[in-house]
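K.L.:
Quick one: the structure is below, questions incoming.
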Amino acid sequence: MSALRTALYGQADHDLAPSAPDAVQLSPLVPGSTDIAGIADESFTAVTVRAPAGAVERRFVLAQALRILTPNGRLTAFAPKDRGGLRLKKELEALGCEVGESARRHNRICLVVRPAVIKGLDEAIAAGAPRPIAENGLWTQPGVFSWDRLDAGTNALLQVLPPFAGVGADFGGGIGLLALNVLASPKVTKLTLVELDRRAFDAAKRNVTDPRAAFVWGDVRQTDLKDLDFIVSNPPFHEGGGEDKTLGQAFIASAAAALRKGGVLWIVANRHLPYEAILGESFSKVRLVAEGGGYKVFEARK
């Protein structure tokens, strides 16, 4: 088949690794992007990868990027030194590449030409592919938040959630753990899971088969949901590699805009995060339901 244009995995940084303005976006964190796993072999002449921090996820992405390159196609991969950058060269060499490495702005930048034989390709792809969790059979994938375990925040929320009724949403639905609990109530008529990570979104659709569930691959901060009776949320507080307190605050503001008058938000947060002020500004009544183990759970009524 004829080669496509160039591809980009993650947000561009033209100072570190220039990419074409029409590059095909492959990151699962960009709604509407193309799934790198579904691209045919030898489809692109050049791929640029902002390498993920997680080791299994990173090797999966590097292997997939090499697989979709044409013979003699070029891969440029970069990452901060403390978030996988120091390992990039060795990981690419393990895949059979000759690596040219440079450093800039605390990042390591690796440039390779696709080798004639990609070593360990199938193993790297299999290690990072979707799979069911042995303990509960739910589908997940390395790179998804808390991909191989129940995170403590979600568990704290699960311990105190009441039965719900009516139309609701799960903001940051993940692989569907909260949704399964919410849908246990027969009085729930519809639950929309909104999730930014396509991998979690795809897993949730496999895990939550209840016909009352709907799925949105998108950013909670840009949702157009309205007049909801309830929302549950374990919002993220990291973006772009660092802690971002405003992310959870934006989730709260979006929840307030999506709820009807009298609607309720149940939200969990790390104890140190400053959500009380925006909860008080956005809702008429706020109650601290539980606190412990480094987490706090709030009920907020509009």
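How things are named: the first chain in the structure tokens is A, the next is B, and so on; residues count from 1 in each chain; ligands count from 1 in the order shown.
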So which residues touch Gly120 of chain A within 9 Å, counting only C-alpha atoms, skipping near sequence neighbours fewer than 2 positions away, as an MDAnalysis selection string?

P.N.:
chainID A and resid 63 94:96 118 122:125

K.L.:
Would you pick out the contacts of segment 181-198 of chain A at 7 Å or less, using only C-alpha atoms, so that residues sharing its chain but fewer than 3 positions from it are not included, and give the list as a ChimeraX atom specification?

P.N.:
/A:28-29,31,163-174,177-178,201-202,212-220

K.L.:
What does the distance from atom CA of Arg74 of chain A to atom CA of Val112 of chain A come to in Å, to one decimal?

P.N.:
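A separation of 5.8 Å between them.
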
K.L.:
Neighbours of Gly137 of chain A within 12 Å (only C-alpha atoms; same-chain residues fewer than 3 positions away dropped), as a short mmCIF file (atom, residue, chain, number, x, y, z; two decimals) with C-alpha atoms, in the first residue's frame?

P.N.:
data_model
loop_
_atom_site.label_atom_id
_atom_site.label_comp_id
_atom_site.auth_asym_id
_atom_site.auth_seq_id
_atom_site.Cartn_x
_atom_site.Cartn_y
_atom_site.Cartn_z
CA PRO A 130 -5.87 -4.76 26.47
CA ARG A 131 -6.54 -7.68 28.80
CA PRO A 132 -9.03 -8.76 31.50
CA ILE A 133 -8.11 -8.35 35.17
CA ALA A 134 -7.71 -11.81 36.70
CA THR A 140 -8.25 -2.81 31.11
CA ASP A 148 -4.35 -3.21 37.23
CA ARG A 149 -5.96 -2.47 40.61
CA ILE A 175 -13.02 1.33 32.88
CA LEU A 177 -16.02 0.43 38.08
CA ALA A 203 -12.64 -1.06 28.13
CA ARG A 206 -16.76 -4.04 27.21
CA ASN A 207 -17.24 -4.01 30.98
CA VAL A 208 -20.54 -2.14 31.25
#

K.L.:
Between A:Thr34, A:Leu16, A:Gly10, A:Gly84, which is the closest to Ser102 of chain A once you count only C-alpha atoms?

P.N.:
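Distance minimum relative to Ser102 of chain A lands on A:Leu16.
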
K.L.:
Which residue, A:Pro162, A:Pro71, A:Pro18, A:Gly100, has the smallest gap to Pro115 of chain A when you use only C-alpha atoms?

P.N.:
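Closest residue, counting only C-alpha atoms: A:Pro71.
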
K.L.:
Name the residues of segment 1-184 of chain A that fall into strand (DSSP E or B) according to DSSP on the backbone, using the chain letters and numbers of this document, as a VMD selection string.

P.N.:
chain A and resid 4 to 9 13 17 24 to 25 44 to 50 69 to 80 100 to 104 107 to 113 131 to 132 139 to 140 142 144 166 to 171

K.L.:
For Arg104 of chain A, which of A:Ala17, A:Leu273, A:Ala253, A:Ala55 is the closest residue, counting only C-alpha atoms?

P.N.:
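Under the stated criterion, the closest residue is A:Ala17.
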
K.L.:
For Leu69 of chain A, which of A:Gln222, A:Asn107, A:Thr6, A:Ser27 is the closest residue, counting only C-alpha atoms?

P.N.:
A:Thr6

K.L.:
I need the residue nearest Ser19 of chain A from this list: A:Ala103, A:Val113, A:Val47, A:Val160. Use only C-alpha atoms for the distance.

P.N.:
A:Val47

K.L.:
Give me the residues within 9 Å of Gly54 of chain A as a VMD selection string, counting only C-alpha atoms and dropping any in the same chain fewer than 3 places off.

P.N.:
chain A and resid 51 57 to 59 83 to 84 142 to 143
